[in-house]
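First the structure, in the form of structure tokens, and then the observations on it.
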Amino acid sequence: MTSRYPAIASDITNLFAARSTHAVEVAVLQPADPFLDMAGEDLRRRIFLTESETGQTLCLRPEFTIPVCLDHIASQAGTPRRYSYLGEVFRQRREGGNEFFQAGIEDLGDRDMPQADARSLADAHALLSLVLPGQVLAVTLGDQTIFEAVLAALGLPRGWRMRLARAFGSAAMLEAALADLANPPRNGQLSGSIAALVLDGDFEGLSAHIAGGMEQAGLSASAGRSPSDIARRLIEKAELRSVRLSNEAFSALKTFLAIDVPLDGAAKALETFGAGAGLSLGAALENFSARAKAIEALDLPMEKIRYDAAFGRPLDYYTGLVFEIAAEDGDRPLAGGGRYDRLLTLLGAKTPIPGVGFSVWLDRIEALREQAQ
């Protein structure tokens with residue numbers, strides 16, 4: 001590890017202590033499968049993979065959320081519990097070093113989700129305000145739950161809902177998915193045996209067939225998508241090609257994705273959209289409204305917080321709130337986070353544990369501090 005330990009580290013850890021968090025350290029080497037399965041395609045291709053002497057696929061930790069959750073499950077600690085961390089992560093990056101520091105808080109087990117969401121955003125904002133005094137910060141919020149509620153209310157089949165939900169957070173993927181939804185592509189050219197399995201929806205048989213082909217070709221499943229992931233995508237694509245959204249429903253979806261308003265007017269904008277499109281957003285909108293009120297009660301600068309209906313973050317484990325904070329005139333986020341209520345169960349927790357958290361990029365913060373000097 002060659003990165004310089006951040007000069008602002010002690011200020012950050014003091015803030016974490018004042019906010020009643022438990023400082024945690026997690027191993028640099030982590031099992032790779034949870035990241036390959038759950039972290040999202042953007043992060044998957046940036047991971048540094050290696051192998052143990054027993055053949056287990058490992059990676060240098062590319063982020064802290066999954067390791068902190070795994071550590072919580074292994075320790076069998078009670079909840080609610082708030083963890084904080086500060087350490088290096090390792091990713092292949094086009095700009096900047098491949099080793100850089102992140103810090104953040106993971107808030108596990110709080111059943112008052114609107115309040116926990118608001119607290120996570122407030123913690124991230126307080127951290128940035130502490131280490132970047134005088135810097136005007138801009139906050140962008142999205143909501144995976146609202147997006148999925150709109151898709152369900154429009155009557156989209158499960159395959160399309162899953163594809164669009166995975167695309168949430170990537171403008172290019174979402175644009176491509178919407179283009180396919182408007183004009184479904186023709187069937188691709190598949191070999192006879194694969195085509196039959198896809199047509200029958202035989203997930204197990206298709207996975208086994210793909211695994212056998214990869215083994216014969218000498219390809220490692222850990223180097224990219226797993227056979228089951230490839231099989232699922234092929235079957236989904238075949239199902240998706242049979243669906244075409246009505247002009248009215250497609251127009252409503254585009255109208256929803258164009259909503260970009262200050263947070264204090266966002267609930268009203270969503271209500272107006274729902275009424276105009278004849279859609280009920282139900283509990284998703286109730287939770288959104290409760291969260292917005294909780295954020296306002298924490299005296300955050302509401303005029304600098306916007307809700308963008310098309311905004312997401314490129315990590316597959318998010319389930320609700322997503323947010324990023326940037327310098328008002330900056331083009332890269334300084335902090336990002338969100339809610340991940342299914343993640344701990346997928347990682348092996350015996351009972352569901354809600355979670356929300358954020359991380360900050362300390363190298364970007366230090367660059368801004370140097371510019372201000």
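Residue numbers start at 1 in each chain; chains themselves are named A, B, ... in the order of the structure tokens; ligands are numbered from 1 in the order shown.
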*For Leu321 of chain A, work out the shell of residues within 9 Å, counting only C-alpha atoms and skipping chain neighbours fewer than 3 positions away, then give it as an MDAnalysis selection string.*
chainID A and resid 117 141:145 288 312 318 337:340 356
Only N, CA, C and O atoms, please: the residues just picked out, written as a short mmCIF file (atom, residue, chain, number, x, y, z; two decimals), in the first residue's frame.
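This went into out_1.cif:
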data_model
loop_
_atom_site.label_atom_id
_atom_site.label_comp_id
_atom_site.auth_asym_id
_atom_site.auth_seq_id
_atom_site.Cartn_x
_atom_site.Cartn_y
_atom_site.Cartn_z
N ASP A 117 -32.53 7.04 6.73
CA ASP A 117 -32.09 7.61 5.46
C ASP A 117 -31.66 9.06 5.63
O ASP A 117 -30.61 9.49 5.12
N LEU A 141 -30.72 13.36 -5.13
CA LEU A 141 -31.37 12.16 -4.59
C LEU A 141 -32.11 11.42 -5.70
O LEU A 141 -32.67 12.03 -6.61
N GLY A 142 -32.11 10.11 -5.59
CA GLY A 142 -32.97 9.26 -6.41
C GLY A 142 -33.65 8.26 -5.49
O GLY A 142 -33.37 8.20 -4.29
N ASP A 143 -34.53 7.45 -6.06
CA ASP A 143 -35.23 6.47 -5.23
C ASP A 143 -35.58 5.25 -6.08
O ASP A 143 -36.45 5.32 -6.95
N GLN A 144 -34.88 4.15 -5.83
CA GLN A 144 -35.11 2.91 -6.56
C GLN A 144 -36.53 2.39 -6.34
O GLN A 144 -37.16 1.86 -7.26
N THR A 145 -37.05 2.55 -5.12
CA THR A 145 -38.38 2.05 -4.81
C THR A 145 -39.46 2.77 -5.60
O THR A 145 -40.41 2.14 -6.10
N PHE A 288 -41.39 7.96 0.70
CA PHE A 288 -40.65 9.08 0.12
C PHE A 288 -41.00 10.38 0.85
O PHE A 288 -40.10 11.16 1.21
N GLY A 312 -29.74 7.23 -10.33
CA GLY A 312 -29.42 6.05 -9.53
C GLY A 312 -27.92 5.96 -9.39
O GLY A 312 -27.17 6.81 -9.89
N TYR A 318 -28.51 -1.65 -4.19
CA TYR A 318 -29.39 -0.60 -3.67
C TYR A 318 -30.86 -0.96 -3.88
O TYR A 318 -31.23 -1.54 -4.90
N GLY A 337 -24.17 7.32 -1.53
CA GLY A 337 -24.70 6.29 -0.64
C GLY A 337 -26.11 5.91 -1.01
O GLY A 337 -26.66 6.33 -2.02
N GLY A 338 -26.70 5.09 -0.14
CA GLY A 338 -28.06 4.66 -0.37
C GLY A 338 -28.48 3.52 0.53
O GLY A 338 -27.72 3.07 1.40
N ARG A 339 -29.70 3.05 0.29
CA ARG A 339 -30.31 1.99 1.11
C ARG A 339 -30.18 0.64 0.41
O ARG A 339 -30.31 0.54 -0.80
N TYR A 340 -29.90 -0.41 1.24
CA TYR A 340 -29.65 -1.76 0.69
C TYR A 340 -30.29 -2.82 1.59
O TYR A 340 -29.61 -3.62 2.22
N VAL A 356 -28.50 1.20 5.46
CA VAL A 356 -28.27 2.39 4.65
C VAL A 356 -26.89 2.91 5.00
O VAL A 356 -26.43 2.75 6.14
#
*Picked from segment 26-198 of chain A by DSSP as strand (DSSP E), as number ranges by chain*: A: 29-31, 49-51, 57-60, 81-90, 99-108, 137-143
*From the list A:Thr13, A:Ser359, A:Ser280, A:Gln135, which residue is nearest Leu151 of chain A when using only C-alpha atoms?*
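The answer is A:Ser280, which sits nearest to Leu151 of chain A.
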*Selection near Leu154 of chain A, 12 Å with only C-alpha atoms, sequence-local residues under 2 positions removed, as number ranges by chain*: A: 147-152, 156-158, 160-161, 245-254, 256, 274, 277-281
Quick one: write out the picked residues with N, CA and C atoms as a PDB file, in the first residue's frame?
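File part_28.pdb, as written:
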ATOM      1  N   PHE A 147     -39.017   4.265  -8.501  1.00  0.00           N
ATOM      2  CA  PHE A 147     -38.856   3.830  -9.887  1.00  0.00           C
ATOM      3  C   PHE A 147     -39.525   2.476 -10.106  1.00  0.00           C
ATOM      4  N   GLU A 148     -39.284   1.524  -9.214  1.00  0.00           N
ATOM      5  CA  GLU A 148     -39.871   0.195  -9.366  1.00  0.00           C
ATOM      6  C   GLU A 148     -41.392   0.231  -9.184  1.00  0.00           C
ATOM      7  N   ALA A 149     -41.888   1.137  -8.336  1.00  0.00           N
ATOM      8  CA  ALA A 149     -43.341   1.266  -8.162  1.00  0.00           C
ATOM      9  C   ALA A 149     -43.992   1.770  -9.443  1.00  0.00           C
ATOM     10  N   VAL A 150     -43.318   2.686 -10.129  1.00  0.00           N
ATOM     11  CA  VAL A 150     -43.840   3.178 -11.407  1.00  0.00           C
ATOM     12  C   VAL A 150     -43.870   2.046 -12.435  1.00  0.00           C
ATOM     13  N   LEU A 151     -42.797   1.272 -12.509  1.00  0.00           N
ATOM     14  CA  LEU A 151     -42.740   0.155 -13.464  1.00  0.00           C
ATOM     15  C   LEU A 151     -43.860  -0.852 -13.193  1.00  0.00           C
ATOM     16  N   ALA A 152     -44.085  -1.154 -11.905  1.00  0.00           N
ATOM     17  CA  ALA A 152     -45.144  -2.107 -11.549  1.00  0.00           C
ATOM     18  C   ALA A 152     -46.518  -1.544 -11.880  1.00  0.00           C
ATOM     19  N   LEU A 156     -45.690  -3.504 -16.348  1.00  0.00           N
ATOM     20  CA  LEU A 156     -44.595  -4.167 -17.042  1.00  0.00           C
ATOM     21  C   LEU A 156     -44.365  -5.559 -16.458  1.00  0.00           C
ATOM     22  N   PRO A 157     -44.094  -6.552 -17.287  1.00  0.00           N
ATOM     23  CA  PRO A 157     -43.805  -7.892 -16.764  1.00  0.00           C
ATOM     24  C   PRO A 157     -42.494  -7.912 -15.986  1.00  0.00           C
ATOM     25  N   ARG A 158     -42.325  -8.962 -15.199  1.00  0.00           N
ATOM     26  CA  ARG A 158     -41.191  -9.042 -14.275  1.00  0.00           C
ATOM     27  C   ARG A 158     -39.851  -8.894 -14.994  1.00  0.00           C
ATOM     28  N   TRP A 160     -39.009  -7.245 -17.681  1.00  0.00           N
ATOM     29  CA  TRP A 160     -38.725  -5.855 -18.008  1.00  0.00           C
ATOM     30  C   TRP A 160     -38.454  -5.034 -16.760  1.00  0.00           C
ATOM     31  N   ARG A 161     -39.202  -5.295 -15.694  1.00  0.00           N
ATOM     32  CA  ARG A 161     -38.954  -4.553 -14.455  1.00  0.00           C
ATOM     33  C   ARG A 161     -37.538  -4.808 -13.957  1.00  0.00           C
ATOM     34  N   LEU A 245     -44.478  -1.952 -24.927  1.00  0.00           N
ATOM     35  CA  LEU A 245     -45.269  -1.079 -24.077  1.00  0.00           C
ATOM     36  C   LEU A 245     -46.176  -0.198 -24.941  1.00  0.00           C
ATOM     37  N   SER A 246     -47.379   0.058 -24.456  1.00  0.00           N
ATOM     38  CA  SER A 246     -48.294   0.942 -25.191  1.00  0.00           C
ATOM     39  C   SER A 246     -47.715   2.347 -25.261  1.00  0.00           C
ATOM     40  N   ASN A 247     -48.168   3.116 -26.239  1.00  0.00           N
ATOM     41  CA  ASN A 247     -47.679   4.491 -26.385  1.00  0.00           C
ATOM     42  C   ASN A 247     -47.979   5.312 -25.143  1.00  0.00           C
ATOM     43  N   GLU A 248     -49.156   5.100 -24.545  1.00  0.00           N
ATOM     44  CA  GLU A 248     -49.527   5.865 -23.350  1.00  0.00           C
ATOM     45  C   GLU A 248     -48.620   5.520 -22.177  1.00  0.00           C
ATOM     46  N   ALA A 249     -48.364   4.220 -21.976  1.00  0.00           N
ATOM     47  CA  ALA A 249     -47.509   3.805 -20.864  1.00  0.00           C
ATOM     48  C   ALA A 249     -46.064   4.252 -21.085  1.00  0.00           C
ATOM     49  N   PHE A 250     -45.596   4.157 -22.328  1.00  0.00           N
ATOM     50  CA  PHE A 250     -44.230   4.583 -22.618  1.00  0.00           C
ATOM     51  C   PHE A 250     -44.082   6.086 -22.387  1.00  0.00           C
ATOM     52  N   SER A 251     -45.074   6.849 -22.783  1.00  0.00           N
ATOM     53  CA  SER A 251     -45.054   8.296 -22.558  1.00  0.00           C
ATOM     54  C   SER A 251     -45.046   8.618 -21.067  1.00  0.00           C
ATOM     55  N   ALA A 252     -45.826   7.866 -20.282  1.00  0.00           N
ATOM     56  CA  ALA A 252     -45.854   8.090 -18.833  1.00  0.00           C
ATOM     57  C   ALA A 252     -44.492   7.804 -18.212  1.00  0.00           C
ATOM     58  N   LEU A 253     -43.829   6.741 -18.655  1.00  0.00           N
ATOM     59  CA  LEU A 253     -42.510   6.406 -18.121  1.00  0.00           C
ATOM     60  C   LEU A 253     -41.507   7.506 -18.444  1.00  0.00           C
ATOM     61  N   LYS A 254     -41.547   8.016 -19.669  1.00  0.00           N
ATOM     62  CA  LYS A 254     -40.640   9.100 -20.048  1.00  0.00           C
ATOM     63  C   LYS A 254     -40.928  10.363 -19.239  1.00  0.00           C
ATOM     64  N   PHE A 256     -42.175  10.469 -16.210  1.00  0.00           N
ATOM     65  CA  PHE A 256     -41.649  10.236 -14.862  1.00  0.00           C
ATOM     66  C   PHE A 256     -40.148  10.472 -14.809  1.00  0.00           C
ATOM     67  N   GLY A 274     -48.538  10.917 -10.763  1.00  0.00           N
ATOM     68  CA  GLY A 274     -49.369   9.734 -10.587  1.00  0.00           C
ATOM     69  C   GLY A 274     -50.815   9.986 -10.968  1.00  0.00           C
ATOM     70  N   ALA A 277     -51.132  10.302 -14.790  1.00  0.00           N
ATOM     71  CA  ALA A 277     -50.923   9.039 -15.516  1.00  0.00           C
ATOM     72  C   ALA A 277     -51.886   7.955 -15.077  1.00  0.00           C
ATOM     73  N   GLY A 278     -52.689   8.250 -14.057  1.00  0.00           N
ATOM     74  CA  GLY A 278     -53.617   7.240 -13.550  1.00  0.00           C
ATOM     75  C   GLY A 278     -52.920   6.111 -12.828  1.00  0.00           C
ATOM     76  N   LEU A 279     -51.815   6.426 -12.139  1.00  0.00           N
ATOM     77  CA  LEU A 279     -51.021   5.410 -11.446  1.00  0.00           C
ATOM     78  C   LEU A 279     -51.020   5.681  -9.954  1.00  0.00           C
ATOM     79  N   SER A 280     -51.049   4.624  -9.152  1.00  0.00           N
ATOM     80  CA  SER A 280     -50.924   4.744  -7.706  1.00  0.00           C
ATOM     81  C   SER A 280     -49.544   4.258  -7.281  1.00  0.00           C
ATOM     82  N   LEU A 281     -48.796   5.114  -6.577  1.00  0.00           N
ATOM     83  CA  LEU A 281     -47.460   4.750  -6.121  1.00  0.00           C
ATOM     84  C   LEU A 281     -47.465   4.252  -4.677  1.00  0.00           C
TER      85      LEU A 281
END
*Skip segment 77-87 of chain A itself and residues of its chain fewer than 6 positions away, then list as a list in words all residues within 7 Å of it, counting only C-alpha atoms.*
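Final neighbour list, sorted by chain and number: Phe16, Thr21, His22, Ala23, Val24, Glu25, Phe101, Gln102, Ala103, Gly104, Ile105, Glu106, Asp107, Leu108, Gly109 and Asp110 of chain A.
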*Residue contacts of segment 262-267 of chain A (7 Å, only C-alpha atoms) excluding same-chain residues fewer than 2 positions away, as an NGL selection string*: :A and (269-271 or 289 or 292 or 302-303 or 305-307)
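Between atom CA of Ala39 of chain A and atom CA of Tyr317 of chain A lies a distance of 6.3 Å.
From atom CA of Arg232 of chain A back to atom CA of Gly212 of chain A, the distance works out to 16.0 Å.
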*asked:* I'd like to know which of A:Arg4, A:Ala283, A:Leu181, A:Leu343 is closest to Gly97 of chain A, using only C-alpha atoms.
replied: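 Smallest separation from Gly97 of chain A among the options: A:Arg4.
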*Of the candidates A:Asn14, A:Gln373, A:Thr140, A:Gln30, which one gets nearest to Leu60 of chain A if we count only C-alpha atoms?*
A:Gln30
*asked:* Show me, as a PyMOL selection string, the residues that have an atom within 9 Å of Gly40 of chain A when counting only C-alpha atoms, minus same-chain residues fewer than 5 positions from it.
replied: chain A and resi 35+45+166+314-317
*Report the residues of segment 250-366 of chain A whose backbone DSSP state falls under alpha helix (DSSP H), written as a PyMOL selection string.*
chain A and resi 250-257+266-277+282-297+343-346+362-366
*Find the residue from A:Val89, A:Ala74, A:Ile8, A:Ala167 that sits nearest to Leu29 of chain A; use only C-alpha atoms when measuring.*
A:Val89
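Going from atom CA of Arg91 of chain A over to atom CA of Ala9 of chain A, you cover 20.7 Å.
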*Residue nearest Ala126 of chain A among A:Ile295, A:Leu174, A:Leu15, A:Leu49 (counting only C-alpha atoms)*: A:Leu15
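Using only C-alpha atoms, the protein and nucleic acid residues lying no more than 9 Å from His125 of chain A, apart from those fewer than 4 places from it along its own chain, are Ser120, Leu121, Ser129, Leu130, Leu137, Val139, Leu300, Ile325 and Ala335 of chain A.
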